[in-house]
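Structure data follow from run_21.pdb (PDB, C-alpha atoms):
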ATOM      1  CA  MET P   1      -5.076  25.646   4.878
ATOM      2  CA  GLN P   2      -2.766  26.774   2.065
ATOM      3  CA  THR P   3      -3.657  25.422  -1.391
ATOM      4  CA  PRO P   4      -0.956  23.918  -3.653
ATOM      5  CA  THR P   5      -1.418  26.819  -6.082
ATOM      6  CA  ALA P   6      -0.864  29.362  -3.313
ATOM      7  CA  GLY P   7       2.251  27.502  -2.199
ATOM      8  CA  ILE P   8       3.659  27.527  -5.718
ATOM      9  CA  ALA P   9       2.925  31.253  -6.094
ATOM     10  CA  LYS P  10       4.745  32.012  -2.840
ATOM     11  CA  ALA P  11       7.645  29.772  -3.859
ATOM     12  CA  ALA P  12       7.923  31.632  -7.170
ATOM     13  CA  LEU P  13       8.070  34.923  -5.270
ATOM     14  CA  TRP P  14      10.846  33.629  -3.013
ATOM     15  CA  MET P  15      12.721  32.275  -6.041
ATOM     16  CA  THR P  16      12.584  35.721  -7.619
ATOM     17  CA  GLY P  17      14.490  36.924  -4.569
ATOM     18  CA  ALA P  18      16.983  34.078  -4.939
ATOM     19  CA  ILE P  19      17.569  34.826  -8.625
ATOM     20  CA  VAL P  20      18.084  38.530  -7.958
ATOM     21  CA  SER P  21      20.464  37.722  -5.096
ATOM     22  CA  PHE P  22      22.577  35.178  -7.031
ATOM     23  CA  SER P  23      22.806  37.494 -10.037
ATOM     24  CA  SER P  24      23.702  40.471  -7.848
ATOM     25  CA  MET P  25      26.438  38.463  -6.139
ATOM     26  CA  ALA P  26      27.965  37.485  -9.487
ATOM     27  CA  ILE P  27      28.106  41.090 -10.708
ATOM     28  CA  ALA P  28      29.326  42.372  -7.328
ATOM     29  CA  GLY P  29      31.993  39.645  -7.258
ATOM     30  CA  ARG P  30      33.294  40.685 -10.660
ATOM     31  CA  GLU P  31      33.419  44.349  -9.646
ATOM     32  CA  ALA P  32      35.125  43.629  -6.307
ATOM     33  CA  GLY P  33      37.587  41.353  -8.099
ATOM     34  CA  LEU P  34      39.015  44.386  -9.892
ATOM     35  CA  THR P  35      40.789  45.476  -6.678
ATOM     36  CA  LEU P  36      40.700  42.484  -4.281
ATOM     37  CA  ASP P  37      41.712  38.845  -4.592
ATOM     38  CA  THR P  38      39.214  36.070  -3.943
ATOM     39  CA  PHE P  39      40.463  35.385  -0.399
ATOM     40  CA  GLU P  40      39.975  39.033   0.518
ATOM     41  CA  ILE P  41      36.493  39.030  -1.028
ATOM     42  CA  MET P  42      35.600  35.936   1.022
ATOM     43  CA  THR P  43      36.980  37.547   4.188
ATOM     44  CA  TYR P  44      34.793  40.614   3.852
ATOM     45  CA  ARG P  45      31.799  38.561   2.691
ATOM     46  CA  SER P  46      32.072  36.380   5.794
ATOM     47  CA  LEU P  47      32.469  39.440   8.026
ATOM     48  CA  VAL P  48      29.259  40.965   6.681
ATOM     49  CA  GLY P  49      27.485  37.624   6.999
ATOM     50  CA  LEU P  50      28.693  37.064  10.562
ATOM     51  CA  ILE P  51      27.473  40.498  11.649
ATOM     52  CA  VAL P  52      24.021  39.747  10.191
ATOM     53  CA  VAL P  53      23.882  36.275  11.775
ATOM     54  CA  LEU P  54      25.025  37.556  15.190
ATOM     55  CA  ALA P  55      22.355  40.244  15.125
ATOM     56  CA  ALA P  56      19.642  37.797  14.032
ATOM     57  CA  VAL P  57      20.556  35.170  16.629
ATOM     58  CA  THR P  58      20.715  37.756  19.392
ATOM     59  CA  VAL P  59      17.405  39.400  18.514
ATOM     60  CA  SER P  60      15.635  36.033  18.157
ATOM     61  CA  ARG P  61      17.302  34.706  21.324
ATOM     62  CA  LYS P  62      18.404  31.488  19.676
ATOM     63  CA  TRP P  63      21.943  31.228  21.026
ATOM     64  CA  HIS P  64      21.008  27.923  22.652
ATOM     65  CA  LYS P  65      20.710  26.427  19.162
ATOM     66  CA  VAL P  66      24.367  27.144  18.338
ATOM     67  CA  ARG P  67      26.031  23.844  19.215
ATOM     68  CA  THR P  68      29.672  22.803  19.492
ATOM     69  CA  ASP P  69      29.472  19.000  19.478
ATOM     70  CA  ARG P  70      29.996  18.612  15.707
ATOM     71  CA  LEU P  71      32.683  21.193  15.042
ATOM     72  CA  GLY P  72      34.718  18.685  13.004
ATOM     73  CA  LEU P  73      31.895  18.191  10.505
ATOM     74  CA  HIS P  74      31.276  21.951  10.429
ATOM     75  CA  MET P  75      34.991  22.438   9.684
ATOM     76  CA  VAL P  76      34.998  19.987   6.765
ATOM     77  CA  ARG P  77      31.737  21.386   5.385
ATOM     78  CA  ASN P  78      32.949  24.965   5.539
ATOM     79  CA  LEU P  79      36.345  24.151   4.030
ATOM     80  CA  ALA P  80      34.519  22.654   1.050
ATOM     81  CA  HIS P  81      32.244  25.688   0.731
ATOM     82  CA  PHE P  82      35.131  28.134   1.212
ATOM     83  CA  THR P  83      37.098  26.432  -1.570
ATOM     84  CA  GLY P  84      34.118  26.296  -3.907
ATOM     85  CA  GLN P  85      33.162  29.908  -3.291
ATOM     86  CA  ASN P  86      36.730  31.125  -3.929
ATOM     87  CA  LEU P  87      36.806  29.199  -7.199
ATOM     88  CA  TRP P  88      33.409  30.700  -8.108
ATOM     89  CA  PHE P  89      34.548  34.265  -7.417
ATOM     90  CA  TYR P  90      37.623  33.694  -9.586
ATOM     91  CA  ALA P  91      35.493  32.236 -12.386
ATOM     92  CA  VAL P  92      33.098  35.219 -12.510
ATOM     93  CA  THR P  93      36.090  37.467 -13.231
ATOM     94  CA  ALA P  94      37.616  35.167 -15.860
ATOM     95  CA  ILE P  95      34.840  33.857 -18.148
ATOM     96  CA  PRO P  96      31.350  34.948 -19.269
ATOM     97  CA  LEU P  97      28.845  34.875 -16.413
ATOM     98  CA  ALA P  98      26.509  32.559 -18.344
ATOM     99  CA  GLN P  99      29.260  29.923 -18.549
ATOM    100  CA  VAL P 100      29.880  30.180 -14.810
ATOM    101  CA  PHE P 101      26.209  29.643 -14.004
ATOM    102  CA  ALA P 102      25.841  26.787 -16.511
ATOM    103  CA  LEU P 103      28.770  24.884 -15.020
ATOM    104  CA  GLU P 104      27.648  25.716 -11.470
ATOM    105  CA  PHE P 105      24.355  23.970 -12.228
ATOM    106  CA  THR P 106      26.254  20.661 -12.527
ATOM    107  CA  SER P 107      26.597  20.561  -8.739
ATOM    108  CA  PRO P 108      23.528  18.276  -8.312
ATOM    109  CA  ILE P 109      25.143  15.833 -10.761
ATOM    110  CA  TRP P 110      28.121  15.525  -8.430
ATOM    111  CA  VAL P 111      25.733  15.063  -5.508
ATOM    112  CA  ILE P 112      24.275  12.053  -7.359
ATOM    113  CA  ILE P 113      27.758  10.529  -7.506
ATOM    114  CA  LEU P 114      28.855  11.448  -3.974
ATOM    115  CA  SER P 115      25.667  10.586  -2.059
ATOM    116  CA  PRO P 116      26.006   6.775  -2.320
ATOM    117  CA  LEU P 117      29.608   7.044  -1.109
ATOM    118  CA  MET P 118      29.094   9.563   1.698
ATOM    119  CA  LEU P 119      25.425   9.303   2.693
ATOM    120  CA  GLY P 120      24.692   5.690   1.875
ATOM    121  CA  GLU P 121      21.950   6.689  -0.577
ATOM    122  CA  ARG P 122      20.927   4.396  -3.415
ATOM    123  CA  MET P 123      22.208   4.849  -6.956
ATOM    124  CA  THR P 124      19.464   3.960  -9.437
ATOM    125  CA  ARG P 125      19.803   3.425 -13.161
ATOM    126  CA  LEU P 126      17.933   6.669 -13.833
ATOM    127  CA  ARG P 127      20.256   8.627 -11.558
ATOM    128  CA  ALA P 128      23.301   7.072 -13.220
ATOM    129  CA  GLY P 129      21.830   8.030 -16.594
ATOM    130  CA  ALA P 130      21.168  11.556 -15.337
ATOM    131  CA  ALA P 131      24.812  11.833 -14.235
ATOM    132  CA  ILE P 132      26.047  10.735 -17.666
ATOM    133  CA  LEU P 133      23.680  13.205 -19.362
ATOM    134  CA  GLY P 134      24.945  15.943 -17.041
ATOM    135  CA  PHE P 135      28.535  15.284 -18.064
ATOM    136  CA  ILE P 136      27.503  15.496 -21.713
ATOM    137  CA  GLY P 137      26.101  18.933 -20.850
ATOM    138  CA  ILE P 138      29.439  19.900 -19.293
ATOM    139  CA  LEU P 139      31.259  18.900 -22.479
ATOM    140  CA  ILE P 140      28.837  20.965 -24.582
ATOM    141  CA  VAL P 141      29.342  24.053 -22.399
ATOM    142  CA  ALA P 142      33.128  23.716 -22.091
ATOM    143  CA  ARG P 143      33.776  22.258 -25.598
ATOM    144  CA  PRO P 144      37.203  21.050 -24.423
ATOM    145  CA  SER P 145      40.026  21.850 -26.785
ATOM    146  CA  PRO P 146      43.328  23.720 -26.492
ATOM    147  CA  GLU P 147      41.493  26.884 -27.608
ATOM    148  CA  THR P 148      38.499  26.707 -25.237
ATOM    149  CA  ILE P 149      39.882  25.221 -22.010
ATOM    150  CA  SER P 150      41.017  28.001 -19.664
ATOM    151  CA  PRO P 151      41.596  28.519 -15.933
ATOM    152  CA  GLY P 152      38.153  30.145 -15.735
ATOM    153  CA  ILE P 153      36.399  27.112 -17.252
ATOM    154  CA  LEU P 154      38.312  24.714 -14.990
ATOM    155  CA  THR P 155      37.608  26.692 -11.819
ATOM    156  CA  ALA P 156      33.912  27.043 -12.670
ATOM    157  CA  ALA P 157      33.675  23.282 -13.197
ATOM    158  CA  ALA P 158      35.644  22.589 -10.013
ATOM    159  CA  CYS P 159      33.501  24.905  -7.872
ATOM    160  CA  ALA P 160      30.472  22.715  -8.692
ATOM    161  CA  ILE P 161      32.255  19.713  -7.153
ATOM    162  CA  PHE P 162      32.990  21.589  -3.937
ATOM    163  CA  PHE P 163      29.425  22.942  -3.803
ATOM    164  CA  ALA P 164      28.244  19.335  -4.116
ATOM    165  CA  LEU P 165      30.479  18.323  -1.217
ATOM    166  CA  THR P 166      29.014  21.227   0.738
ATOM    167  CA  ALA P 167      25.491  19.972   0.024
ATOM    168  CA  VAL P 168      26.373  16.447   1.144
ATOM    169  CA  PHE P 169      27.961  17.617   4.409
ATOM    170  CA  THR P 170      25.087  20.044   4.991
ATOM    171  CA  LYS P 171      22.611  17.193   4.645
ATOM    172  CA  ARG P 172      24.533  15.247   7.287
ATOM    173  CA  LEU P 173      24.538  18.283   9.578
ATOM    174  CA  THR P 174      20.818  18.961   9.207
ATOM    175  CA  ARG P 175      20.099  15.556  10.707
ATOM    176  CA  HIS P 176      21.240  16.948  14.060
ATOM    177  CA  GLU P 177      21.861  20.715  13.730
ATOM    178  CA  ASP P 178      19.544  23.714  13.454
ATOM    179  CA  ILE P 179      19.996  26.125  10.538
ATOM    180  CA  VAL P 180      20.998  28.803  13.068
ATOM    181  CA  SER P 181      23.990  26.742  14.168
ATOM    182  CA  ILE P 182      24.961  25.942  10.565
ATOM    183  CA  LEU P 183      24.864  29.610   9.511
ATOM    184  CA  PHE P 184      26.796  30.767  12.577
ATOM    185  CA  TRP P 185      29.656  28.333  12.059
ATOM    186  CA  LEU P 186      29.550  28.953   8.305
ATOM    187  CA  THR P 187      30.252  32.657   8.656
ATOM    188  CA  ALA P 188      32.556  32.407  11.689
ATOM    189  CA  MET P 189      34.794  29.662  10.311
ATOM    190  CA  GLN P 190      34.962  31.138   6.841
ATOM    191  CA  LEU P 191      35.941  34.507   8.277
ATOM    192  CA  PHE P 192      38.851  32.717   9.996
ATOM    193  CA  PHE P 193      39.789  30.859   6.788
ATOM    194  CA  GLY P 194      39.676  34.109   4.829
ATOM    195  CA  LEU P 195      41.887  35.945   7.315
ATOM    196  CA  VAL P 196      44.451  33.138   7.236
ATOM    197  CA  MET P 197      44.557  32.815   3.441
ATOM    198  CA  SER P 198      44.420  36.518   2.600
ATOM    199  CA  GLY P 199      46.813  37.516   5.394
ATOM    200  CA  TRP P 200      49.491  34.851   5.072
ATOM    201  CA  ASP P 201      51.780  37.388   3.395
ATOM    202  CA  GLY P 202      50.985  40.040   6.026
ATOM    203  CA  ASP P 203      49.057  42.181   3.557
ATOM    204  CA  ILE P 204      45.245  42.293   3.557
ATOM    205  CA  ALA P 205      43.992  45.001   1.234
ATOM    206  CA  LEU P 206      41.370  47.323   2.684
ATOM    207  CA  PRO P 207      38.415  48.081   0.434
ATOM    208  CA  ASP P 208      38.121  51.603  -0.930
ATOM    209  CA  LEU P 209      34.867  53.534  -1.021
ATOM    210  CA  LYS P 210      34.147  52.241  -4.517
ATOM    211  CA  THR P 211      34.604  48.573  -3.588
ATOM    212  CA  LEU P 212      32.981  48.619  -0.135
ATOM    213  CA  PRO P 213      29.351  48.707  -1.382
ATOM    214  CA  TRP P 214      30.048  45.692  -3.614
ATOM    215  CA  LEU P 215      31.398  43.743  -0.635
ATOM    216  CA  VAL P 216      28.347  44.576   1.458
ATOM    217  CA  LEU P 217      26.146  43.472  -1.444
ATOM    218  CA  ILE P 218      28.067  40.180  -1.729
ATOM    219  CA  GLY P 219      27.635  39.452   1.972
ATOM    220  CA  LEU P 220      23.937  40.273   2.052
ATOM    221  CA  ALA P 221      23.147  38.621  -1.292
ATOM    222  CA  GLY P 222      24.863  35.386  -0.267
ATOM    223  CA  LEU P 223      22.723  34.989   2.846
ATOM    224  CA  THR P 224      19.545  36.185   1.129
ATOM    225  CA  ALA P 225      19.944  33.856  -1.858
ATOM    226  CA  HIS P 226      20.203  30.700   0.209
ATOM    227  CA  PHE P 227      17.447  31.795   2.588
ATOM    228  CA  CYS P 228      15.084  32.461  -0.339
ATOM    229  CA  LEU P 229      15.970  29.158  -2.032
ATOM    230  CA  THR P 230      15.479  27.171   1.187
ATOM    231  CA  THR P 231      12.143  28.892   1.858
ATOM    232  CA  ALA P 232      10.928  28.217  -1.693
ATOM    233  CA  LEU P 233      11.785  24.519  -1.347
ATOM    234  CA  SER P 234       9.764  24.404   1.874
ATOM    235  CA  LEU P 235       6.705  25.795   0.047
ATOM    236  CA  ALA P 236       6.763  23.820  -3.195
ATOM    237  CA  PRO P 237       8.309  20.618  -4.579
ATOM    238  CA  ALA P 238      11.786  20.715  -6.098
ATOM    239  CA  THR P 239      10.164  19.771  -9.427
ATOM    240  CA  VAL P 240       8.535  23.227  -9.362
ATOM    241  CA  VAL P 241      11.347  25.241  -7.788
ATOM    242  CA  MET P 242      14.181  23.959  -9.964
ATOM    243  CA  PRO P 243      12.837  25.179 -13.333
ATOM    244  CA  ILE P 244      12.428  28.621 -11.773
ATOM    245  CA  ASP P 245      16.018  28.514 -10.499
ATOM    246  CA  PHE P 246      17.301  27.716 -13.992
ATOM    247  CA  THR P 247      15.935  31.026 -15.262
ATOM    248  CA  ARG P 248      19.044  32.464 -13.610
ATOM    249  CA  LEU P 249      21.002  31.419 -16.688
ATOM    250  CA  PRO P 250      19.223  33.443 -19.418
ATOM    251  CA  ILE P 251      18.903  36.363 -16.988
ATOM    252  CA  ILE P 252      22.632  36.425 -16.185
ATOM    253  CA  ALA P 253      23.415  35.952 -19.902
ATOM    254  CA  ILE P 254      21.371  39.063 -20.717
ATOM    255  CA  LEU P 255      22.968  41.024 -17.853
ATOM    256  CA  GLY P 256      26.442  39.969 -18.979
ATOM    257  CA  MET P 257      25.654  41.115 -22.498
ATOM    258  CA  LEU P 258      24.215  44.484 -21.413
ATOM    259  CA  ILE P 259      26.754  45.343 -18.682
ATOM    260  CA  TYR P 260      29.966  43.749 -19.956
ATOM    261  CA  GLY P 261      29.301  43.213 -23.657
ATOM    262  CA  GLU P 262      29.621  39.430 -23.302
ATOM    263  CA  GLU P 263      28.652  37.310 -26.283
ATOM    264  CA  VAL P 264      25.845  34.833 -25.659
ATOM    265  CA  VAL P 265      27.280  31.561 -27.018
ATOM    266  CA  ILE P 266      24.574  29.196 -28.235
ATOM    267  CA  TRP P 267      26.527  26.134 -27.021
ATOM    268  CA  THR P 268      26.422  27.457 -23.453
ATOM    269  CA  LEU P 269      22.627  27.589 -23.604
ATOM    270  CA  VAL P 270      22.368  24.164 -25.293
ATOM    271  CA  GLY P 271      24.641  22.596 -22.700
ATOM    272  CA  ALA P 272      22.684  24.260 -19.901
ATOM    273  CA  VAL P 273      19.447  22.746 -21.236
ATOM    274  CA  VAL P 274      21.062  19.289 -21.232
ATOM    275  CA  ILE P 275      22.284  19.835 -17.652
ATOM    276  CA  PHE P 276      18.800  20.976 -16.636
ATOM    277  CA  VAL P 277      17.197  17.861 -18.141
ATOM    278  CA  ALA P 278      19.713  15.669 -16.284
ATOM    279  CA  ASN P 279      18.963  17.363 -12.971
ATOM    280  CA  TYR P 280      15.218  17.231 -13.574
ATOM    281  CA  ILE P 281      15.353  13.496 -14.292
ATOM    282  CA  ASN P 282      17.153  13.039 -10.971
ATOM    283  CA  ILE P 283      14.474  15.013  -9.105
ATOM    284  CA  LEU P 284      11.646  13.071 -10.757
ATOM    285  CA  ASP P 285      13.381   9.796  -9.927
ATOM    286  CA  ALA P 286      13.896  10.841  -6.305
ATOM    287  CA  SER P 287      10.205  11.755  -6.028
ATOM    288  CA  GLY P 288       9.148   8.430  -7.533
ATOM    289  CA  LYS P 289       7.426   9.976 -10.562
ATOM    290  CA  LEU P 290       9.565   8.052 -13.055
ATOM    291  CA  ARG P 291       9.485   4.713 -11.281
ATOM    292  CA  THR P 292       7.125   2.931 -13.614
ATOM    293  CA  GLY P 293       9.547   0.041 -14.035
ATOM    294  CA  HIS P 294      12.606  -1.404 -12.340
ATOM    295  CA  THR P 295      15.141   1.276 -11.475
ATOM    296  CA  GLY P 296      17.102  -0.570  -8.834
ATOM    297  CA  PRO P 297      20.715   0.002  -7.829
ATOM    298  CA  VAL P 298      23.317  -0.304 -10.534
TER     299      VAL P 298
END
As structure tokens, how would this structure be written, given the file I've shared?
Amino acid sequence: MQTPTAGIAKAALWMTGAIVSFSSMAIAGREAGLTLDTFEIMTYRSLVGLIVVLAAVTVSRKWHKVRTDRLGLHMVRNLAHFTGQNLWFYAVTAIPLAQVFALEFTSPIWVIILSPLMLGERMTRLRAGAAILGFIGILIVARPSPETISPGILTAAACAIFFALTAVFTKRLTRHEDIVSILFWLTAMQLFFGLVMSGWDGDIALPDLKTLPWLVLIGLAGLTAHFCLTTALSLAPATVVMPIDFTRLPIIAILGMLIYGEEVVIWTLVGAVVIFVANYINILDASGKLRTGHTGPV
């Protein structure tokens, strides 16, 4: 039998893979964005992902798990993810990478708000407080004013909302669908969306030899990141995994400084800490560790 300590150690190892993958995708997205638009990046990312998924499903002989009875929910889920991912790829080319990651981490805050409306989950006072604290973190990171608000800030904040919608729809799907089916329709549908959006003007740019490796990296890193994160959550509680995941922020801040000469703004880090605390309160409340008094629905 695996001990809790062994499970945490394995989860930390998987989270290292997730952090490397997410960081690699951000850098690769910025490099690919020099020659391709976001729709084209998503098209090639989905193509790489679909090839990997097709190979994996065929080798493992799991085609029987790819179902077609909930295509409508798959469509809505993948439209939300496609929109969020396009906004994310634009943001990584427009603002410092640390700001993108800090605002991306507000996605669980939006899940708190959306879950009672879309999943029928209970809103407690602690969760409501966590949501308010999370929005304070957003304000600290963005510092809204005519000088600081930009398309990059707005798209990074918006992508978190669409990632939250993706999480909500994914949770509904996992009640009935296997991960194999979810990944297949994710890559297949988003390849179709990408072809439509990037080819509406009849001109889809082909990647050159310099850009092609970045696109392959984006496709592989996207699948690897979510696989590593999901595996880590299966080995250890979210209260353990989440602090590890938040180390992505200082790591990407350092990479942005070394590779692109980006300034590390103290308010981005302060706001990220506030967002982390808000998310951690939500996790503790969900696990029952903060329920020492009445925290009923508000």
Given the file shown, enumerate the residues that the PyMOL selection byres ((chain P and resi 137) around 7) captures and present them as a VMD selection string. chain P and resid 133 to 136 138 to 141 271 to 272 274 to 275
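Taking atom CA of Leu206 of chain P as the reference point, atom CA of Leu36 of chain P is found at 8.5 Å.
Against this structure, the PyMOL selection byres ((chain P and resi 283) around 10) ends up with P:Pro108, P:Arg127, P:Ala130, P:Pro237, P:Ala238, P:Thr239, P:Met242, P:Val277, P:Ala278, P:Asn279, P:Tyr280, P:Ile281, P:Asn282, P:Leu284, P:Asp285, P:Ala286, P:Ser287, P:Gly288, P:Lys289, P:Leu290.
You will find atom CA of Asp208 of chain P at 10.1 Å from atom CA of Ala32 of chain P.
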Please build the interface table for segment 233-256 of chain P against segment 10-22 of chain P with a cut-off of 8 Å, listing for each qualifying residue the nearest atom pair and the distance in Å to one decimal; count all atoms listed in the file, order rows by chain and increasing number, and write it as a tab-separated table.
residue	atom	partner	partner_atom	distance
P:Leu233	CA	P:Ala11	CA	7.1
P:Leu235	CA	P:Ala11	CA	5.7
P:Ala236	CA	P:Ala11	CA	6.1
P:Val241	CA	P:Ala11	CA	7.0
P:Ile244	CA	P:Met15	CA	6.8
P:Asp245	CA	P:Met15	CA	6.7
P:Thr247	CA	P:Ile19	CA	7.8
P:Arg248	CA	P:Ile19	CA	5.7
Output of the PyMOL selection byres ((chain P and resi 159) around 7), listed as an MDAnalysis selection string: chainID P and resid 84:85 87:88 104 155:158 160:163
Atomic separation - atom CA of Phe89 of chain P relative to atom CA of Ile179 of chain P, Å: 24.5 Å
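Residues lying within 7 Å of segment 215-217 of chain P, counting only C-alpha atoms and ignoring same-chain neighbours fewer than 3 positions away, are P:Met25, P:Ala28, P:Ala32, P:Ile41, P:Tyr44, P:Arg45, P:Val48, P:Thr211, P:Leu212, P:Leu220, P:Ala221.
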Kindly indicate which residue among P:Ser23, P:Asp203, P:Glu121, P:Phe184 lies nearest to Trp63 of chain P, using only C-alpha atoms for the distances. P:Phe184
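The neighbours of Val100 of chain P here are the residues that come within 8 Å of it, using all atoms listed in the file and leaving out any residue fewer than 2 positions away in the same chain; they are Trp88, Ala91, Val92, Ile95, Pro96, Leu97, Ala98, Ala102, Leu103, Glu104, Ile153 and Ala156 of chain P.
Of the residues under consideration (P:Met189, P:Val273, P:Ala26, P:Ile251), P:Met189 shows the shortest atom-to-atom contact distance to Leu50 of chain P when counting only C-alpha atoms.
Minimum distance to Thr166 of chain P across P:Ala80, P:Ala128, P:Ala232, P:Leu117 (counting all atoms listed in the file) occurs at P:Ala80.
Using all atoms listed in the file for every distance, the candidate list P:Gly202, P:Leu165, P:Glu177, P:Arg143 yields P:Leu165 as the residue closest to Ile112 of chain P.
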Put segment 120-142 of chain P into a file with N, CA and C atoms, as a PDB file, in the first residue's frame.
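Wrote it out as decode-v8.pdb, contents follow:
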ATOM      1  N   GLY P 120     -25.337  23.251  -9.796  1.00  0.00           N
ATOM      2  CA  GLY P 120     -26.180  23.097  -8.631  1.00  0.00           C
ATOM      3  C   GLY P 120     -25.408  22.937  -7.334  1.00  0.00           C
ATOM      4  N   GLU P 121     -24.118  23.335  -7.335  1.00  0.00           N
ATOM      5  CA  GLU P 121     -23.314  23.206  -6.121  1.00  0.00           C
ATOM      6  C   GLU P 121     -23.603  24.362  -5.163  1.00  0.00           C
ATOM      7  N   ARG P 122     -23.325  24.140  -3.896  1.00  0.00           N
ATOM      8  CA  ARG P 122     -23.646  25.086  -2.848  1.00  0.00           C
ATOM      9  C   ARG P 122     -22.615  26.211  -2.760  1.00  0.00           C
ATOM     10  N   MET P 123     -23.115  27.425  -2.601  1.00  0.00           N
ATOM     11  CA  MET P 123     -22.245  28.576  -2.359  1.00  0.00           C
ATOM     12  C   MET P 123     -22.221  28.859  -0.860  1.00  0.00           C
ATOM     13  N   THR P 124     -21.054  28.676  -0.237  1.00  0.00           N
ATOM     14  CA  THR P 124     -20.932  28.946   1.193  1.00  0.00           C
ATOM     15  C   THR P 124     -20.378  30.355   1.402  1.00  0.00           C
ATOM     16  N   ARG P 125     -20.462  30.792   2.650  1.00  0.00           N
ATOM     17  CA  ARG P 125     -19.930  32.127   2.965  1.00  0.00           C
ATOM     18  C   ARG P 125     -18.427  32.184   2.718  1.00  0.00           C
ATOM     19  N   LEU P 126     -17.722  31.110   3.044  1.00  0.00           N
ATOM     20  CA  LEU P 126     -16.270  31.096   2.822  1.00  0.00           C
ATOM     21  C   LEU P 126     -15.944  31.174   1.338  1.00  0.00           C
ATOM     22  N   ARG P 127     -16.713  30.446   0.527  1.00  0.00           N
ATOM     23  CA  ARG P 127     -16.456  30.494  -0.920  1.00  0.00           C
ATOM     24  C   ARG P 127     -16.771  31.882  -1.477  1.00  0.00           C
ATOM     25  N   ALA P 128     -17.842  32.492  -0.999  1.00  0.00           N
ATOM     26  CA  ALA P 128     -18.159  33.852  -1.442  1.00  0.00           C
ATOM     27  C   ALA P 128     -17.032  34.805  -1.040  1.00  0.00           C
ATOM     28  N   GLY P 129     -16.522  34.635   0.189  1.00  0.00           N
ATOM     29  CA  GLY P 129     -15.403  35.464   0.624  1.00  0.00           C
ATOM     30  C   GLY P 129     -14.156  35.229  -0.202  1.00  0.00           C
ATOM     31  N   ALA P 130     -13.917  33.957  -0.564  1.00  0.00           N
ATOM     32  CA  ALA P 130     -12.766  33.630  -1.409  1.00  0.00           C
ATOM     33  C   ALA P 130     -12.895  34.298  -2.774  1.00  0.00           C
ATOM     34  N   ALA P 131     -14.121  34.323  -3.323  1.00  0.00           N
ATOM     35  CA  ALA P 131     -14.334  34.965  -4.622  1.00  0.00           C
ATOM     36  C   ALA P 131     -14.040  36.459  -4.542  1.00  0.00           C
ATOM     37  N   ILE P 132     -14.512  37.106  -3.477  1.00  0.00           N
ATOM     38  CA  ILE P 132     -14.250  38.539  -3.308  1.00  0.00           C
ATOM     39  C   ILE P 132     -12.747  38.794  -3.169  1.00  0.00           C
ATOM     40  N   LEU P 133     -12.066  37.955  -2.371  1.00  0.00           N
ATOM     41  CA  LEU P 133     -10.619  38.100  -2.209  1.00  0.00           C
ATOM     42  C   LEU P 133      -9.901  37.899  -3.543  1.00  0.00           C
ATOM     43  N   GLY P 134     -10.389  36.951  -4.345  1.00  0.00           N
ATOM     44  CA  GLY P 134      -9.788  36.716  -5.655  1.00  0.00           C
ATOM     45  C   GLY P 134      -9.902  37.931  -6.563  1.00  0.00           C
ATOM     46  N   PHE P 135     -11.053  38.603  -6.518  1.00  0.00           N
ATOM     47  CA  PHE P 135     -11.218  39.795  -7.341  1.00  0.00           C
ATOM     48  C   PHE P 135     -10.330  40.938  -6.870  1.00  0.00           C
ATOM     49  N   ILE P 136     -10.088  40.999  -5.559  1.00  0.00           N
ATOM     50  CA  ILE P 136      -9.126  41.985  -5.050  1.00  0.00           C
ATOM     51  C   ILE P 136      -7.745  41.695  -5.642  1.00  0.00           C
ATOM     52  N   GLY P 137      -7.390  40.403  -5.705  1.00  0.00           N
ATOM     53  CA  GLY P 137      -6.125  40.017  -6.334  1.00  0.00           C
ATOM     54  C   GLY P 137      -6.048  40.440  -7.792  1.00  0.00           C
ATOM     55  N   ILE P 138      -7.166  40.289  -8.514  1.00  0.00           N
ATOM     56  CA  ILE P 138      -7.201  40.723  -9.918  1.00  0.00           C
ATOM     57  C   ILE P 138      -6.911  42.219 -10.016  1.00  0.00           C
ATOM     58  N   LEU P 139      -7.545  42.997  -9.146  1.00  0.00           N
ATOM     59  CA  LEU P 139      -7.352  44.450  -9.180  1.00  0.00           C
ATOM     60  C   LEU P 139      -5.903  44.823  -8.872  1.00  0.00           C
ATOM     61  N   ILE P 140      -5.270  44.070  -7.961  1.00  0.00           N
ATOM     62  CA  ILE P 140      -3.866  44.347  -7.635  1.00  0.00           C
ATOM     63  C   ILE P 140      -2.961  44.054  -8.824  1.00  0.00           C
ATOM     64  N   VAL P 141      -3.232  42.920  -9.518  1.00  0.00           N
ATOM     65  CA  VAL P 141      -2.410  42.561 -10.675  1.00  0.00           C
ATOM     66  C   VAL P 141      -2.622  43.542 -11.823  1.00  0.00           C
ATOM     67  N   ALA P 142      -3.899  43.846 -12.116  1.00  0.00           N
ATOM     68  CA  ALA P 142      -4.205  44.680 -13.288  1.00  0.00           C
ATOM     69  C   ALA P 142      -4.014  46.162 -13.001  1.00  0.00           C
TER      70      ALA P 142
END
